[in-house]
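Peer 1: Below is the file entry-v8.csv, with CSV, C-alpha atoms.
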```
chain,number,residue,atom,x,y,z
A,1,MET,CA,119.1,93.8,105.2
A,2,LYS,CA,118.1,90.9,107.4
A,3,ASN,CA,115.6,88.4,106.2
A,4,ILE,CA,112.9,89.0,108.8
A,5,VAL,CA,112.0,92.6,109.8
A,6,ARG,CA,109.6,93.9,112.5
A,7,TYR,CA,108.1,97.3,113.1
A,8,GLN,CA,105.2,98.9,114.9
A,9,ASN,CA,102.5,100.7,112.9
A,10,GLY,CA,99.7,102.3,114.9
A,11,ASN,CA,98.2,99.6,117.1
A,12,TYR,CA,99.7,96.6,115.5
A,13,THR,CA,103.1,94.9,114.8
A,14,VAL,CA,104.2,93.8,111.4
A,15,MET,CA,106.6,90.9,110.8
A,16,LEU,CA,107.8,90.5,107.2
A,17,ASP,CA,109.9,87.7,105.9
A,18,LEU,CA,111.9,89.2,103.0
A,19,LYS,CA,112.9,85.8,101.7
A,20,THR,CA,109.4,84.4,101.3
A,21,GLY,CA,107.3,87.5,101.2
A,22,THR,CA,105.2,86.3,104.1
A,23,LYS,CA,103.6,89.0,106.2
A,24,ILE,CA,102.1,88.7,109.7
A,25,ARG,CA,100.2,91.4,111.6
A,26,LYS,CA,99.5,91.2,115.3
A,27,THR,CA,97.4,93.4,117.6
A,28,ASN,CA,95.9,93.2,121.1
A,29,ASP,CA,92.8,95.0,119.8
A,30,ASN,CA,90.0,93.6,117.6
A,31,TYR,CA,90.9,96.0,114.7
A,32,PHE,CA,94.0,97.3,112.9
A,33,ARG,CA,94.6,101.0,112.6
A,34,ALA,CA,97.7,102.2,110.7
A,35,GLU,CA,99.5,105.4,111.3
A,36,PHE,CA,101.4,105.3,108.1
A,37,PRO,CA,101.2,103.3,104.8
A,38,GLU,CA,102.9,99.9,105.1
A,39,SER,CA,102.8,99.4,101.4
A,40,MET,CA,102.5,101.8,98.4
A,41,ASP,CA,101.9,101.2,94.7
A,42,ILE,CA,104.0,103.6,92.7
A,43,LYS,CA,103.7,104.3,89.0
A,44,ILE,CA,107.1,105.6,87.7
A,45,CYS,CA,106.3,105.9,84.0
A,46,GLU,CA,103.7,105.6,81.3
A,47,ARG,CA,106.2,104.3,78.7
A,48,CYS,CA,105.6,100.8,77.3
A,49,ASN,CA,105.7,99.1,73.9
A,50,ALA,CA,103.4,96.2,74.9
A,51,ASN,CA,100.3,98.2,73.8
A,52,CYS,CA,97.9,96.0,75.9
A,53,ASP,CA,94.4,96.9,74.9
A,54,PHE,CA,93.2,96.6,78.5
A,55,CYS,CA,95.8,98.9,80.0
A,56,TYR,CA,94.1,101.0,82.6
A,57,GLU,CA,97.0,103.5,82.7
A,58,GLY,CA,96.9,104.1,78.9
A,59,SER,CA,100.7,103.5,78.6
A,60,ALA,CA,102.3,104.1,75.2
A,61,LEU,CA,105.6,103.8,73.3
A,62,ASP,CA,106.1,107.6,73.8
A,63,GLY,CA,104.7,107.7,77.3
A,64,ARG,CA,105.9,110.1,79.9
A,65,LEU,CA,108.5,109.4,82.6
A,66,GLY,CA,108.1,110.4,86.3
A,67,ASP,CA,110.8,112.6,87.9
A,68,ILE,CA,111.4,109.8,90.4
A,69,MET,CA,114.7,111.1,91.9
A,70,SER,CA,113.2,114.4,93.0
A,71,GLU,CA,110.2,113.6,95.1
A,72,SER,CA,111.0,114.3,98.7
A,73,PHE,CA,108.1,112.3,100.2
A,74,ILE,CA,110.2,109.2,99.5
A,75,ASP,CA,112.8,110.3,102.1
A,76,LYS,CA,110.1,110.4,104.8
A,77,LEU,CA,108.8,106.9,104.3
A,78,ARG,CA,109.3,104.6,107.3
A,79,PRO,CA,111.9,101.8,107.1
A,80,TYR,CA,110.5,98.6,105.6
A,81,THR,CA,107.6,100.2,103.8
A,82,GLU,CA,106.9,98.0,100.8
A,83,ILE,CA,107.1,99.8,97.4
A,84,ALA,CA,105.4,98.1,94.5
A,85,ILE,CA,106.9,99.7,91.4
A,86,GLY,CA,105.0,99.7,88.1
A,87,GLY,CA,104.3,101.5,84.9
A,88,GLY,CA,104.0,101.4,82.0
A,89,ASN,CA,107.1,99.3,81.8
A,90,PRO,CA,109.4,100.4,84.7
A,91,LEU,CA,112.4,98.9,82.9
A,92,GLU,CA,112.0,101.8,80.4
A,93,HIS,CA,112.8,104.4,83.0
A,94,PRO,CA,116.5,105.5,82.8
A,95,SER,CA,116.6,106.3,86.5
A,96,LEU,CA,115.3,102.9,87.6
A,97,VAL,CA,118.5,101.6,89.1
A,98,PRO,CA,119.5,104.8,90.9
A,99,PHE,CA,115.9,105.0,92.2
A,100,LEU,CA,116.1,101.4,93.5
A,101,LYS,CA,119.5,102.1,95.1
A,102,LYS,CA,118.0,105.1,96.9
A,103,LEU,CA,115.1,102.9,98.2
A,104,LYS,CA,117.6,100.4,99.4
A,105,SER,CA,119.6,103.1,101.3
A,106,LEU,CA,116.4,104.1,103.0
A,107,LYS,CA,115.7,100.5,104.1
A,108,LEU,CA,112.5,100.4,101.9
A,109,ILE,CA,111.4,97.1,100.4
A,110,PRO,CA,110.8,97.5,96.6
A,111,SER,CA,109.2,95.0,94.3
A,112,MET,CA,108.5,95.5,90.6
A,113,THR,CA,105.8,94.4,88.1
A,114,VAL,CA,106.6,93.8,84.4
A,115,ASN,CA,104.8,92.3,81.4
A,116,GLN,CA,105.7,88.7,80.4
A,117,LYS,CA,107.2,90.0,77.2
A,118,HIS,CA,109.5,92.4,79.0
A,119,PHE,CA,110.4,89.8,81.6
A,120,MET,CA,111.6,87.4,78.9
A,121,GLU,CA,113.5,90.1,77.2
A,122,ASN,CA,115.3,91.2,80.4
A,123,THR,CA,115.6,88.1,82.5
A,124,SER,CA,119.3,88.4,83.2
A,125,PHE,CA,119.0,92.1,84.2
A,126,ILE,CA,116.1,91.4,86.5
A,127,LYS,CA,118.0,88.6,88.2
A,128,VAL,CA,120.8,91.0,88.8
A,129,LEU,CA,118.4,93.4,90.5
A,130,ILE,CA,117.2,90.5,92.7
A,131,ASP,CA,120.7,89.2,93.5
A,132,GLU,CA,121.8,92.8,94.6
A,133,GLN,CA,118.6,93.1,96.7
A,134,LEU,CA,117.4,96.1,94.7
A,135,ILE,CA,114.0,94.4,94.4
A,136,TYR,CA,112.6,91.7,96.7
A,137,GLY,CA,109.5,90.7,94.8
A,138,LEU,CA,108.7,90.4,91.1
A,139,GLY,CA,105.3,90.5,89.5
A,140,VAL,CA,105.0,89.2,85.9
A,141,SER,CA,101.8,90.0,84.0
A,142,LEU,CA,100.7,86.8,82.2
A,143,VAL,CA,100.1,86.9,78.5
A,144,ASN,CA,100.7,83.5,76.8
A,145,PRO,CA,102.9,81.1,78.8
A,146,ASP,CA,105.2,78.6,77.3
A,147,GLU,CA,107.7,76.1,78.8
A,148,LYS,CA,110.6,78.6,78.7
A,149,PHE,CA,108.6,81.2,80.5
A,150,ILE,CA,107.5,78.8,83.2
A,151,GLU,CA,111.1,77.6,83.6
A,152,GLU,CA,112.4,81.2,84.1
A,153,VAL,CA,109.6,82.1,86.5
A,154,GLN,CA,110.3,79.0,88.5
A,155,SER,CA,113.9,80.1,88.9
A,156,ILE,CA,112.8,83.2,90.9
A,157,PRO,CA,111.5,82.2,94.3
A,158,ASN,CA,109.6,85.5,94.9
A,159,ALA,CA,108.1,85.8,91.5
A,160,VAL,CA,104.3,86.1,91.4
A,161,ILE,CA,102.3,85.7,88.1
A,162,HIS,CA,99.7,88.4,87.7
A,163,VAL,CA,96.5,87.3,86.1
A,164,VAL,CA,94.0,90.0,84.9
A,165,VAL,CA,90.5,88.7,85.5
A,166,GLY,CA,88.4,89.0,82.3
A,167,ILE,CA,91.5,88.8,80.1
A,168,ILE,CA,93.2,85.5,80.8
A,169,PRO,CA,91.0,82.4,80.1
A,170,ILE,CA,90.8,79.2,82.1
A,171,ASP,CA,92.7,77.3,79.4
A,172,THR,CA,95.7,79.6,79.8
A,173,LEU,CA,95.6,79.2,83.6
A,174,LYS,CA,95.7,75.4,83.0
A,175,MET,CA,99.0,75.9,81.2
A,176,ILE,CA,100.6,77.1,84.5
A,177,MET,CA,98.8,74.8,87.0
A,178,ASN,CA,100.7,72.4,89.2
A,179,LYS,CA,104.0,74.1,88.5
A,180,ASN,CA,104.7,75.3,92.0
A,181,LEU,CA,103.9,78.9,91.0
A,182,LYS,CA,102.5,81.9,92.9
A,183,VAL,CA,99.5,83.7,91.3
A,184,LEU,CA,97.9,87.0,92.0
A,185,MET,CA,94.4,87.6,90.5
A,186,LEU,CA,93.9,91.3,89.5
A,187,GLY,CA,90.4,92.6,89.0
A,188,TYR,CA,89.5,94.1,85.6
A,189,LYS,CA,89.8,97.9,85.7
A,190,GLN,CA,87.5,99.9,83.5
A,191,LEU,CA,89.8,102.9,83.1
A,192,LYS,CA,91.3,104.4,79.9
A,193,ARG,CA,92.0,101.6,77.3
A,194,GLY,CA,90.5,99.1,79.8
A,195,LYS,CA,87.2,101.1,79.7
A,196,GLN,CA,87.2,101.3,75.9
A,197,LEU,CA,87.9,97.5,75.6
A,198,TYR,CA,85.1,96.7,78.0
A,199,GLU,CA,82.6,98.8,76.1
A,200,GLN,CA,83.6,97.1,72.9
A,201,ASN,CA,83.8,93.5,74.3
A,202,ARG,CA,81.5,93.6,77.3
A,203,THR,CA,80.0,90.1,76.6
A,204,GLN,CA,83.4,88.3,76.1
A,205,ILE,CA,85.0,90.0,79.2
A,206,THR,CA,82.0,89.3,81.4
A,207,ARG,CA,81.9,85.7,80.3
A,208,LYS,CA,85.6,85.2,81.2
A,209,ILE,CA,85.0,86.8,84.6
A,210,TYR,CA,82.0,84.5,85.2
A,211,SER,CA,83.9,81.4,84.0
A,212,LEU,CA,86.7,82.1,86.5
A,213,TYR,CA,84.2,82.8,89.2
A,214,GLU,CA,82.6,79.4,88.6
A,215,PHE,CA,86.0,77.6,88.3
A,216,LEU,CA,87.5,79.2,91.4
A,217,PRO,CA,86.4,76.4,93.8
A,218,THR,CA,88.1,73.8,91.6
A,219,ILE,CA,91.3,75.8,91.4
A,220,VAL,CA,91.4,76.1,95.2
A,221,GLU,CA,90.3,72.5,96.0
A,222,GLU,CA,92.9,71.1,93.6
A,223,ASN,CA,95.7,73.4,94.7
A,224,TRP,CA,96.6,74.5,91.2
A,225,PHE,CA,99.1,77.1,92.6
A,226,LYS,CA,101.6,77.3,95.5
A,227,VAL,CA,100.0,80.6,96.5
A,228,LEU,CA,96.8,82.1,95.2
A,229,SER,CA,96.0,85.7,96.2
A,230,PHE,CA,93.7,88.5,95.1
A,231,ASP,CA,93.7,92.3,94.9
A,232,ASN,CA,90.6,94.0,96.3
A,233,LEU,CA,89.0,94.5,93.0
A,234,ALA,CA,89.4,90.8,92.2
A,235,ILE,CA,87.9,90.0,95.6
A,236,LYS,CA,84.8,91.9,94.5
A,237,GLN,CA,84.6,90.2,91.1
A,238,LEU,CA,85.4,86.6,92.2
A,239,GLU,CA,84.3,86.6,95.9
A,240,PRO,CA,87.0,84.2,97.1
A,241,SER,CA,85.5,84.4,100.6
A,242,ARG,CA,83.0,81.8,99.5
A,243,VAL,CA,85.7,79.1,99.2
A,244,MET,CA,87.1,79.9,102.7
A,245,SER,CA,86.0,79.5,106.2
A,246,LYS,CA,85.1,82.6,108.1
A,247,LYS,CA,88.2,82.1,110.3
A,248,GLN,CA,90.4,81.8,107.2
A,249,TRP,CA,89.0,84.9,105.7
A,250,GLN,CA,89.6,86.9,108.9
A,251,GLU,CA,93.1,85.6,109.0
A,252,PHE,CA,94.1,86.3,105.4
A,253,TYR,CA,92.2,89.4,104.4
A,254,MET,CA,94.6,92.4,104.5
A,255,GLY,CA,92.0,95.1,104.7
A,256,ASP,CA,90.2,97.6,102.3
A,257,ASP,CA,92.2,99.9,100.1
A,258,GLY,CA,93.4,102.9,102.1
A,259,THR,CA,93.5,101.2,105.4
A,260,ALA,CA,97.3,100.6,105.3
A,261,THR,CA,98.0,101.1,101.6
A,262,MET,CA,98.0,103.9,99.0
A,263,TYR,CA,98.7,104.7,95.4
A,264,VAL,CA,101.2,107.2,94.0
A,265,ASP,CA,101.4,108.4,90.4
A,266,MET,CA,104.9,109.9,90.0
A,267,VAL,CA,104.2,110.8,86.4
A,268,ASN,CA,101.3,113.1,87.1
A,269,ARG,CA,102.4,113.8,90.7
A,270,GLU,CA,99.2,112.6,92.3
A,271,TYR,CA,98.2,110.2,95.0
A,272,ALA,CA,95.0,108.3,95.8
A,273,VAL,CA,93.5,105.5,97.8
A,274,SER,CA,94.2,103.1,94.9
A,275,SER,CA,95.0,103.2,91.2
A,276,LEU,CA,91.2,102.6,90.6
A,277,SER,CA,90.3,105.8,92.4
A,278,THR,CA,89.4,108.8,90.2
A,279,VAL,CA,89.7,111.1,93.2
A,280,ARG,CA,93.3,112.3,93.1
A,281,TYR,CA,95.4,114.7,95.2
A,282,ALA,CA,98.6,116.6,94.4
A,283,LEU,CA,101.7,115.1,95.9
A,284,SER,CA,103.3,116.9,98.9
A,285,ASP,CA,106.5,116.2,100.8
A,286,ASN,CA,104.7,115.0,104.0
A,287,ILE,CA,103.7,111.3,103.8
A,288,ASP,CA,101.8,111.4,107.0
A,289,ASP,CA,99.5,114.1,105.8
A,290,MET,CA,99.0,112.3,102.5
A,291,PHE,CA,98.1,109.1,104.2
A,292,ALA,CA,95.8,110.8,106.7
A,293,ASN,CA,94.0,112.4,103.7
A,294,ILE,CA,93.1,109.1,102.1
A,295,ARG,CA,93.0,106.6,105.0
A,296,THR,CA,89.7,104.8,105.1
A,297,ASN,CA,89.6,103.4,108.6
```
Could I get this file's structure written as structure tokens?
Peer 2:
Amino acid sequence: MKNIVRYQNGNYTVMLDLKTGTKIRKTNDNYFRAEFPESMDIKICERCNANCDFCYEGSALDGRLGDIMSESFIDKLRPYTEIAIGGGNPLEHPSLVPFLKKLKSLKLIPSMTVNQKHFMENTSFIKVLIDEQLIYGLGVSLVNPDEKFIEEVQSIPNAVIHVVVGIIPIDTLKMIMNKNLKVLMLGYKQLKRGKQLYEQNRTQITRKIYSLYEFLPTIVEENWFKVLSFDNLAIKQLEPSRVMSKKQWQEFYMGDDGTATMYVDMVNREYAVSSLSTVRYALSDNIDDMFANIRTN
């Protein structure tokens, strides 16, 4: 697949650089209206041995696997749709490689998110997936970084370190600052074990969120990271717009959940606006109908 791809989605054009992950949208209107999802978060399993106490999916050692090779809506996705694969630990799924090969044959653009523990245990295999262009981006959920971890992440140009707001303290962030790394802030989700942990440790989690909120201007001003981005829940919790000009915000904000994105749970065969949504619908084989059902603009 060529490094830069372009396509039309509704009233706007998308240009995506597969080498750097840079995405540019252009329209002649003063709004963007998608006809189909340009990116999709897909949970392929609930199996994971990390046992994170804040896991909003409730993943477990004996967690279920999705029947990922049988869902027909995948075949109807438009070329260059971005597919963010997660779990659980997606590396646990025995059909992961055949699934990635299928996505590649359909000219889809998969990425994958793994825990720091699983990344370090499977670095060689993950690099093979990248070298064979079976995944283009890699998200690594930060736990406790050391020099070896930082070195391995630095060796993967499209790796992004995922930081869960309310879990990772400022002192841990300082361990990866000024290392030419990309970071994505993820909002704290009060679902399943994440809800239980919040109810038990409300004060500590709230303090960590507030501490990061207060420290964010310093992180931005001092350019701790090569790239700093936020999911929509982290945007609500940290309000990064306050450290940007109005023009910058309009340029960089990618839209509310459901405007050009959606979430699919292939274990429970459900889809929704996002993984945070408790309003779920049964999967069908028609991606256009599914997207129209949850589109928020």
Peer 1: As an exercise, work out the distance from atom CA of Gly258 of chain A to atom CA of Asn3 of chain A in Å and give it to one decimal place.
Peer 2: 26.8 Å
Peer 1: Do you know which residues are at most 8 Å from Gly87 of chain A counting all atoms listed in the file, after dropping those on the same chain fewer than 5 positions away, and could you put them as an NGL selection string?
Peer 2: :A and (43-48 or 57 or 59 or 113)
Peer 1: Those same residues, written as a JSON list (two decimals), in the frame of the given file with C-alpha atoms?
Peer 2:
```json
[["chain", "number", "residue", "atom", "x", "y", "z"],
["A", 43, "LYS", "CA", 103.70, 104.30, 89.00],
["A", 44, "ILE", "CA", 107.10, 105.60, 87.70],
["A", 45, "CYS", "CA", 106.30, 105.90, 84.00],
["A", 46, "GLU", "CA", 103.70, 105.60, 81.30],
["A", 47, "ARG", "CA", 106.20, 104.30, 78.70],
["A", 48, "CYS", "CA", 105.60, 100.80, 77.30],
["A", 57, "GLU", "CA", 97.00, 103.50, 82.70],
["A", 59, "SER", "CA", 100.70, 103.50, 78.60],
["A", 113, "THR", "CA", 105.80, 94.40, 88.10]]
```
Peer 1: In the coordinate frame of the file, compute which residues have an atom within 10 Å of (96.3, 95.0, 115.0) when using only C-alpha atoms, and state them as a list of chain:residue names.
Peer 2: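 Here is the list of nearby residues: A:Gln8, A:Asn9, A:Gly10, A:Asn11, A:Tyr12, A:Thr13, A:Val14, A:Arg25, A:Lys26, A:Thr27, A:Asn28, A:Asp29, A:Asn30, A:Tyr31, A:Phe32, A:Arg33, A:Ala34.
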Peer 1: Could you state the separation of atom CA of Arg280 of chain A and atom CA of Asn268 of chain A in Å, given to one decimal place?
Peer 2: 10.0 Å
Peer 1: Which distance in Å separates atom CA of Ser274 of chain A and atom CA of Asp257 of chain A, to one decimal?
Peer 2: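 Those two atoms sit 6.4 Å apart.
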Peer 1: Nearest to Val264 of chain A among A:Ser245, A:Thr203, A:Ser39, A:Thr218, with distances taken over only C-alpha atoms: which residue is it?
Peer 2: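 Nearest to Val264 of chain A: A:Ser39.
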Peer 1: Find the residues around segment 289-297 of chain A up to 7 Å (all atoms listed in the file counted), leave out those fewer than 5 positions away in its own chain, and share them as a PyMOL selection string.
Peer 2: chain A and resi 33+36-37+258-259+272-273
Peer 1: Fewer than 2 positions away in the same chain doesn't count, so skip those; otherwise give me all residues within 12 Å of Ile235 of chain A, counting all atoms listed in the file, as a ChimeraX atom specification.
Peer 2: /A:165,184-188,209,213,216,228-233,237-243,249,253-257
Peer 1: Give me a file of those residues, with C-alpha atoms, as a JSON list (two decimals), keeping the file's coordinate frame.
Peer 2:
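Result saved to out.json:
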```json
[["chain", "number", "residue", "atom", "x", "y", "z"],
["A", 165, "VAL", "CA", 90.50, 88.70, 85.50],
["A", 184, "LEU", "CA", 97.90, 87.00, 92.00],
["A", 185, "MET", "CA", 94.40, 87.60, 90.50],
["A", 186, "LEU", "CA", 93.90, 91.30, 89.50],
["A", 187, "GLY", "CA", 90.40, 92.60, 89.00],
["A", 188, "TYR", "CA", 89.50, 94.10, 85.60],
["A", 209, "ILE", "CA", 85.00, 86.80, 84.60],
["A", 213, "TYR", "CA", 84.20, 82.80, 89.20],
["A", 216, "LEU", "CA", 87.50, 79.20, 91.40],
["A", 228, "LEU", "CA", 96.80, 82.10, 95.20],
["A", 229, "SER", "CA", 96.00, 85.70, 96.20],
["A", 230, "PHE", "CA", 93.70, 88.50, 95.10],
["A", 231, "ASP", "CA", 93.70, 92.30, 94.90],
["A", 232, "ASN", "CA", 90.60, 94.00, 96.30],
["A", 233, "LEU", "CA", 89.00, 94.50, 93.00],
["A", 237, "GLN", "CA", 84.60, 90.20, 91.10],
["A", 238, "LEU", "CA", 85.40, 86.60, 92.20],
["A", 239, "GLU", "CA", 84.30, 86.60, 95.90],
["A", 240, "PRO", "CA", 87.00, 84.20, 97.10],
["A", 241, "SER", "CA", 85.50, 84.40, 100.60],
["A", 242, "ARG", "CA", 83.00, 81.80, 99.50],
["A", 243, "VAL", "CA", 85.70, 79.10, 99.20],
["A", 249, "TRP", "CA", 89.00, 84.90, 105.70],
["A", 253, "TYR", "CA", 92.20, 89.40, 104.40],
["A", 254, "MET", "CA", 94.60, 92.40, 104.50],
["A", 255, "GLY", "CA", 92.00, 95.10, 104.70],
["A", 256, "ASP", "CA", 90.20, 97.60, 102.30],
["A", 257, "ASP", "CA", 92.20, 99.90, 100.10]]
```
